[in-house]
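Structure, as structure tokens:
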Amino acid sequence: MTLIMGTMSHKLLSAIFIFLLHLKPALGVISRVGDNNMWCIERERQALLEFKKGLVDDNHRLSSWGNEYAKRNCCSWEGVHCNNQTGHVLELRLDSCGLRGKISPSLIELHHLSYLSLSGNDFNNSEIPKSISSLNNLKYLDLNSANLSGPIPFQLGNFSHLQYLDLSWNNLKPVQNLEWLSHLVSIEHLELSNLNLSVANDWLKVVSGLPKLSGLRLYNCSLPFVTPSSLLHINSSKSLTFLDLANNPCISSSIFPWLLNSGANLVFVDLSSNQLQGSIPNIFGNMKSLEQLFLNDNQLEGGIPESLGDICTLCILYLSSNNLNGQVLDFFHNLQGCAKDSLESLHLGRNQITGSVPNFAIFPSLRELDISNNKFNGTLGERIGSLHKLEYLDIRSNMLEGVISETLLSNFPNLYCLELSSNSLTLNFSFDWVPPFQLIDLYLRSCKLGPDFPNWIRTQSNLIFLDLSNTGISNTIPTWFWDMPFELNYLNLSQNQIKGRLPNASSIFSNFAILDFSSNRFEGPLPVISSNLSSLNLSKNKFSGLNSFICSKIGGMMHLDLSSNNLFEGIPDCFMHWQELEILNLAHNNLFGKIPHSMGSLIQLIALDLSNNSLSGELPWSLQNCTLLRFMHLEKNKLSGTIPAWIGERMSSLIILSLRSNIFHGSIRSQICLLIHIKYLDLSQNNISGTIPKCLDNLIAMAHKISDVMTNKYFIWNGPEYSFYTDYGSYSDNSVHITVGWKGNVYEYGKNFGEMRSIDLANNKLTGNIPEGISCLIELKALNLSGNMLTGVIPKNIGKLEQLESLDLSRNWLSGSLPASMVGLHYLGYLDLSYNKLSGRIPTGTQLQSFDPSKFMGNAGLCGPPLIEKCPEDVTSNIGGSKNHQEDRDAVSKNHQGDRDEFWKCLYVGTGFGFATGFWGVCVSLILNRSWRHAYFLMLTNLKDWLYVTIVVHTAILLKMFHS
């Protein structure tokens with residue numbers, strides 16, 4: 001027995017020894033590392049080096065990864081974390097390292113990896129490797145903003161231990177369904193923001209079925225509409241604490257029932273920028289743990305329900321940019337539950353709330369207050385003075401008035417943002433006042449500050465945004481301002497009367513991204529600016545020296561407005577240094593010479609305004625490189641040549657094209673019809689000849705009721721307004737203006753130009769007919785073809801232009817009658833058809849008869865109201881009526897007399913015939929019938945006796961009464 005046991009022990013020891021011999025090469029242990037005896041696994045080290053080979057490390061973040069002896073321990077490499085006992089790589093944290101390249105499949109060798117973060121890098125639109133699904137122990141996967149493309153591998157559903165998944169902000173293909181997510185039974189936090197889930201109709205069912213899900217972020221995913229009926233088959237999720245469904249236009253109030261059943265433990269809810277409508281529901285009152293609620297940028301109406309005021313944990317409440325209305329006192333009354341003590345951030349801006357500013361002292365913890373763009377009135381005073389914790393105050397664009405004193409603002413030592421713009425407020429500070437706060441944002445537009453530049457600004461060394469526009473400042477900018485150490489990024493001093501010169505040192509402007517000094521009295525040469533400047537507006541001043549400014553090799557500028565200055569020179573040919581420029585406005589100066597060839601280098605240009613100068617020559621062919629142009633305004637110059645075909649062929653994105661008041665000649669080529677986005681076309685007051693192109697019905701933006709929203713990188717046209725955008729802000733007030741011939745006058749349009757659809761070809765030498773296709777432009781609002789040599793008739797279907805408000809066809813050779821369809825032009829407010837060869841009756845309709853007769857003069861053949869000239873058929877009818885009037889009266893008289901004679905004849909004959917019939921009928925009956933005859937005479941005898949007795953009796957009575 002002992003021998004047997006000894007033999008077995010010997011075999012067991014041999015087996016263990018052989019196992020260890022095989023185990024060592026398998027593990028690939030190369031060394032003991034440091035004092036903690038951590039082993040580095042050779043196979044995993046080689047996998048990491050293979051991963052590094054596929055990357056470009058511009059920032060040298062992976063410099064510690066290498067084969068040198070001192071760098072052989074992968075556990076000590078940047079972003080690598082290992083198990084202290086086994087040496088296996090557990091975590092790979094390489095987020096935001098500036099890496100470029102591809103994700104190598106070699107990562108599958110990291111079998112023990114539980115944490116992988118590669119977010120914030122650039123993987124060059126490569127796909128997520130399917131092999132990554134082999135990392136069975138992965139609990140954390142973050143690929144946010146990694147520039148990945150292709151489909152989401154359904155194999156990701158194999159991560160049964162995964163607790164955190166973030167695939168947000170990549171270029172992944174639209175997701176058909178989220179069925180693969182349902183297998184992630186351990187998932188706790190899920191982020192798929194900015195992925196296209198528009199056809200993933202199962203999204204709500206899937207996320208509701210994840211038993212441990214506590215955090216869900218689906219921002220900007222184009223989530224499909226949630227039907228109320230679909231909620232009947234969805235189990236409610238009870239584990240959610242964080243929910244972000246913001247910026248999904250199909251999310252409506254139908255989501256509320258799901259929230260009612262899923263929101264018991266919610267701490268964070270963001271439903272902003274959706275389509276929520278109606279009143280704010282009471283369901284949020286059931287969320288007793290809710291701390292942050294974002295309902296801004298929706299279409300909610302009414303007031304605030306009392307249930308919100310009963311959430312004792314509520315700290316942040318965003319309700320701005322809705323349609324909330326009513327008295328402000330009702331709003332604050334409903335917030336006076338226990339929420340008033342916890343509320344730290346209250347945003348009610350951009351609604352329709354009315355009333356005097358309430359007493360904000362009921363919110364002792366308030367740090368942020370936004371009541372901007374409402375209808376608040378009255379004064380502030382002590383109503384906000386007790387908010388000593390206030391950090392952010394935005395009350396702009398209300399109807400507030402009164403004085404803001406230094407005593408009031410001294411109550412806010414923590415203030416970093418102050419927005420008082422667009423009220424009727426006066427700031428009354430002593431010259432040497434030193435505020436207790438350090439502002440980052442200061443907006444005082446339209447407040448009363450002047451005439452001196454505010455001295456207390458010099459104490460604000462943290463300022464980044466400063467707006468002192470339209471504040472009544474009329475003196476010079478003090479020298480200390482340019483020596484300030486602050487990091488100003490945005491400076492707006494426009495619409496004042498500031499005089500003097502700007503400093504001529506680029507170092508002074510080195511920090512600025514946006515400068516707006518427009519509408520002042522600055523003079524002297526244009527300043528030397530820094531390459532960091534993105535937007536510069538010096539319009540409506542007295543600057544000079546364009547040549548040295550443009551040729552100073554400034555890079556990075558995106559918006560430049562030098563309009564309405566004293567620029568008296570040729571435009572320099574140096575725009576090859578301005579290739580990032582997107583808005584260029586040199587209008588209303590004294591510029592002369594040709595448009596430089598280098599302007600074609602502005603391939604990013606979306607708006608070009610050179611109007612109201614003395615520029616001459618032909619349009620340079622290089623301009624056709626500016627294919628992104630939306631706005632080209634060259635009116636009131638001396639430009640010549642023909643209108644090039646490449647405008648239509650290469651600039652099909654144009655929305656506004658004005659070549660008005662130049663000396664262009666030649667014909668309008670058919671390529672103009674390729675401008676499918678054009679909404680304003682003005683070629684008037686030139687020497688253009690030939691015919692009007694028959695293809696005008698191809699101008700889609702005027703021919704069809706398409707959406708008014710047109711977007712590209714920096715241009716938005718939405719409804720009645722349009723704006724030009726850069727990375728640093730929007731420009732719609734002063735940047736772009738256009739002169740429009742409208743209803744017989746000339747107007748300058750700015751930001752409210754968006755709804756205009758106009759064609760103006762007036763005062764040229766156009767011949768031929770008005771093309772019938774023009775009647776297809778059903779969105780057209782203004783049409784001016786006056787002052788040409790057009791012949792033929794007015795298109796018979798012109799009445800289809802139902803949106804037309806202004807029509808001018810005067811001073812042509814048009815003939816024929818006015819189309820009957822013109823009575824359908826119900827919105828027509830201006831009409832001029834004078835001095836043509838039109839004829840016939842003016843169609844009867846309330847609109848046409850309301851115009852002044854002078855608008856029809858010069859057409860010898862026109863007749864009918866509102867003209868006094870009668871139409872021939874009307875005159876003939878009147879003359880015939882006068883001659884035959886007496887004859888008609890005689891005939892009528894004779895007819896009436898004949899009728900009377902006939903009546904009496906019939907009466908006499910009828911009476912005689914009736915008498916004869918009655919008389920002989922009675923007599924013959926009495927003669928032939930004896931019994932009738934006896935009865936008849938007996939009746940007469942009785943009647944005679946009755947009459948005799950009656951007379952005697954009544955006579956006796958009367959005599960007796962008489963004697964009495």
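In the structure tokens, chains take letters A, B, ... by order of appearance, with residues numbered from 1 within each chain and ligands from 1 in the order shown.
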Spatial neighbours of segment 419-426 of chain A, 10 Å, only C-alpha atoms, chain gap at least 6 places, as a PyMOL selection string: chain A and resi 370+372-373+377+379-380+392-405+441-450+467-471
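The residue set within 8 Å of Val199 of chain A, counting only C-alpha atoms and dropping same-chain residues fewer than 6 places from it, reads A:Pro174, A:Val175, A:Gln176, A:Asn177, A:Leu223, A:Pro224.
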Nearby residues (only C-alpha atoms) at most 12 Å from Asp808 of chain A, same-chain spacing under 2 positions excluded, as a PyMOL selection string: chain A and resi 741-745+758-763+781-788+794+804-806+810-812+828-836+855-856
Grab the residues selected above and save them as a short mmCIF file (atom, residue, chain, number, x, y, z; two decimals), in the first residue's frame with C-alpha atoms.
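New file again27.cif:
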```
data_model
loop_
_atom_site.label_atom_id
_atom_site.label_comp_id
_atom_site.auth_asym_id
_atom_site.auth_seq_id
_atom_site.Cartn_x
_atom_site.Cartn_y
_atom_site.Cartn_z
CA GLY A 741 -37.42 97.41 -56.06
CA TRP A 742 -40.73 96.84 -54.34
CA LYS A 743 -44.19 98.21 -55.08
CA GLY A 744 -42.87 101.07 -57.15
CA ASN A 745 -40.25 102.19 -54.62
CA SER A 758 -38.61 88.39 -56.57
CA ILE A 759 -37.57 88.70 -60.22
CA ASP A 760 -36.57 92.16 -61.44
CA LEU A 761 -35.49 92.58 -65.09
CA ALA A 762 -36.71 96.18 -65.44
CA ASN A 763 -35.13 98.90 -67.57
CA LYS A 781 -44.11 87.81 -54.63
CA ALA A 782 -42.70 90.51 -56.92
CA LEU A 783 -42.28 90.60 -60.71
CA ASN A 784 -40.90 93.67 -62.49
CA LEU A 785 -40.42 93.58 -66.27
CA SER A 786 -41.05 97.26 -66.87
CA GLY A 787 -39.06 99.51 -69.19
CA ASN A 788 -38.27 96.92 -71.85
CA ILE A 794 -49.69 88.78 -70.84
CA LEU A 804 -47.91 87.95 -56.05
CA GLU A 805 -47.91 91.28 -54.22
CA SER A 806 -46.22 93.51 -56.78
CA SER A 810 -45.32 99.08 -67.60
CA ARG A 811 -43.53 100.74 -70.53
CA ASN A 812 -43.43 97.78 -72.88
CA LEU A 828 -51.72 92.17 -55.22
CA GLY A 829 -50.88 95.47 -53.55
CA TYR A 830 -49.10 97.17 -56.43
CA LEU A 831 -49.92 96.97 -60.15
CA ASP A 832 -48.59 99.02 -63.07
CA LEU A 833 -49.60 98.15 -66.63
CA SER A 834 -49.27 101.67 -68.04
CA TYR A 835 -47.91 102.57 -71.47
CA ASN A 836 -48.41 99.36 -73.38
CA LYS A 855 -51.63 102.44 -63.54
CA PHE A 856 -53.57 101.61 -66.71
#
```
Residue contacts of Arg383 of chain A (7 Å, only C-alpha atoms) excluding same-chain residues fewer than 3 positions away, as a PDB file with C-alpha atoms, in the first residue's frame:
```pdb
ATOM      1  CA  PRO A 358     -41.465  89.413  -8.346  1.00  0.00           C
ATOM      2  CA  ASN A 359     -39.505  89.181  -5.149  1.00  0.00           C
ATOM      3  CA  PHE A 360     -36.850  86.530  -5.758  1.00  0.00           C
ATOM      4  CA  ALA A 361     -36.001  86.414  -2.066  1.00  0.00           C
ATOM      5  CA  LEU A 380     -35.412  95.390 -10.041  1.00  0.00           C
TER       6      LEU A 380
END
```
Backbone-only DSSP, helix (DSSP H, G or I) members of segment 233-390 of chain A, as number ranges by chain: A: 233, 253-262, 282-286, 306-309, 328-333, 339-342, 360-362, 381-383
Segment 104-114 of chain A environment, 6 Å, only C-alpha atoms, sequence neighbours closer than 2 positions dropped, as a PyMOL selection string: chain A and resi 44+47+51+89-91+135+137-139
Selection above as a file: N, CA, C and O atoms, as a PDB file, in the first residue's frame:
```pdb
ATOM      1  N   GLU A  44       0.543  39.725 -24.330  1.00  0.00           N
ATOM      2  CA  GLU A  44      -0.243  40.948 -24.252  1.00  0.00           C
ATOM      3  C   GLU A  44       0.609  42.170 -24.602  1.00  0.00           C
ATOM      4  O   GLU A  44       0.122  43.132 -25.202  1.00  0.00           O
ATOM      5  N   ALA A  47       0.753  42.321 -28.290  1.00  0.00           N
ATOM      6  CA  ALA A  47      -0.532  42.780 -28.827  1.00  0.00           C
ATOM      7  C   ALA A  47      -0.648  44.304 -28.752  1.00  0.00           C
ATOM      8  O   ALA A  47      -1.142  44.960 -29.672  1.00  0.00           O
ATOM      9  N   PHE A  51      -0.921  47.035 -31.729  1.00  0.00           N
ATOM     10  CA  PHE A  51      -1.941  48.079 -31.728  1.00  0.00           C
ATOM     11  C   PHE A  51      -1.306  49.445 -31.994  1.00  0.00           C
ATOM     12  O   PHE A  51      -1.840  50.265 -32.748  1.00  0.00           O
ATOM     13  N   VAL A  89      -3.267  42.598 -18.451  1.00  0.00           N
ATOM     14  CA  VAL A  89      -3.778  43.934 -18.726  1.00  0.00           C
ATOM     15  C   VAL A  89      -5.284  43.949 -18.478  1.00  0.00           C
ATOM     16  O   VAL A  89      -6.038  43.197 -19.104  1.00  0.00           O
ATOM     17  N   LEU A  90      -5.701  44.819 -17.573  1.00  0.00           N
ATOM     18  CA  LEU A  90      -7.118  44.935 -17.236  1.00  0.00           C
ATOM     19  C   LEU A  90      -7.766  46.180 -17.850  1.00  0.00           C
ATOM     20  O   LEU A  90      -8.939  46.141 -18.206  1.00  0.00           O
ATOM     21  N   GLU A  91      -6.987  47.253 -17.964  1.00  0.00           N
ATOM     22  CA  GLU A  91      -7.563  48.516 -18.433  1.00  0.00           C
ATOM     23  C   GLU A  91      -6.649  49.159 -19.479  1.00  0.00           C
ATOM     24  O   GLU A  91      -5.426  49.146 -19.334  1.00  0.00           O
ATOM     25  N   LEU A 135     -13.633  40.101 -26.530  1.00  0.00           N
ATOM     26  CA  LEU A 135     -13.202  40.529 -25.201  1.00  0.00           C
ATOM     27  C   LEU A 135     -14.332  40.275 -24.213  1.00  0.00           C
ATOM     28  O   LEU A 135     -15.046  41.176 -23.790  1.00  0.00           O
ATOM     29  N   ASN A 137     -14.604  39.675 -21.150  1.00  0.00           N
ATOM     30  CA  ASN A 137     -14.609  40.221 -19.794  1.00  0.00           C
ATOM     31  C   ASN A 137     -14.813  41.728 -19.759  1.00  0.00           C
ATOM     32  O   ASN A 137     -14.739  42.340 -18.691  1.00  0.00           O
ATOM     33  N   LEU A 138     -15.067  42.330 -20.907  1.00  0.00           N
ATOM     34  CA  LEU A 138     -15.178  43.775 -20.984  1.00  0.00           C
ATOM     35  C   LEU A 138     -16.410  44.262 -20.208  1.00  0.00           C
ATOM     36  O   LEU A 138     -17.524  43.780 -20.407  1.00  0.00           O
ATOM     37  N   LYS A 139     -16.177  45.231 -19.324  1.00  0.00           N
ATOM     38  CA  LYS A 139     -17.261  45.854 -18.575  1.00  0.00           C
ATOM     39  C   LYS A 139     -17.473  47.315 -18.961  1.00  0.00           C
ATOM     40  O   LYS A 139     -18.553  47.858 -18.719  1.00  0.00           O
TER      41      LYS A 139
END
```
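In this model, the gap between atom CA of Phe486 of chain A and atom CA of Tyr416 of chain A comes to 14.1 Å.
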Interatomic distance (Å, one decimal) between atom CA of Ile128 of chain A and atom CA of Val207 of chain A: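 Computed distance, atom CA of Ile128 of chain A to atom CA of Val207 of chain A, equals 22.4 Å.
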Per-residue DSSP, segment 416-652 of chain A, filtered to strand (DSSP E or B), as a ChimeraX atom specification: /A:417-419,424-428,441-443,448,465-467,490-492,499-500,514-516,521-525,535-537,542-544,559-561,570,583-585,592-594,607-609,614-617,631-633,638-639,642
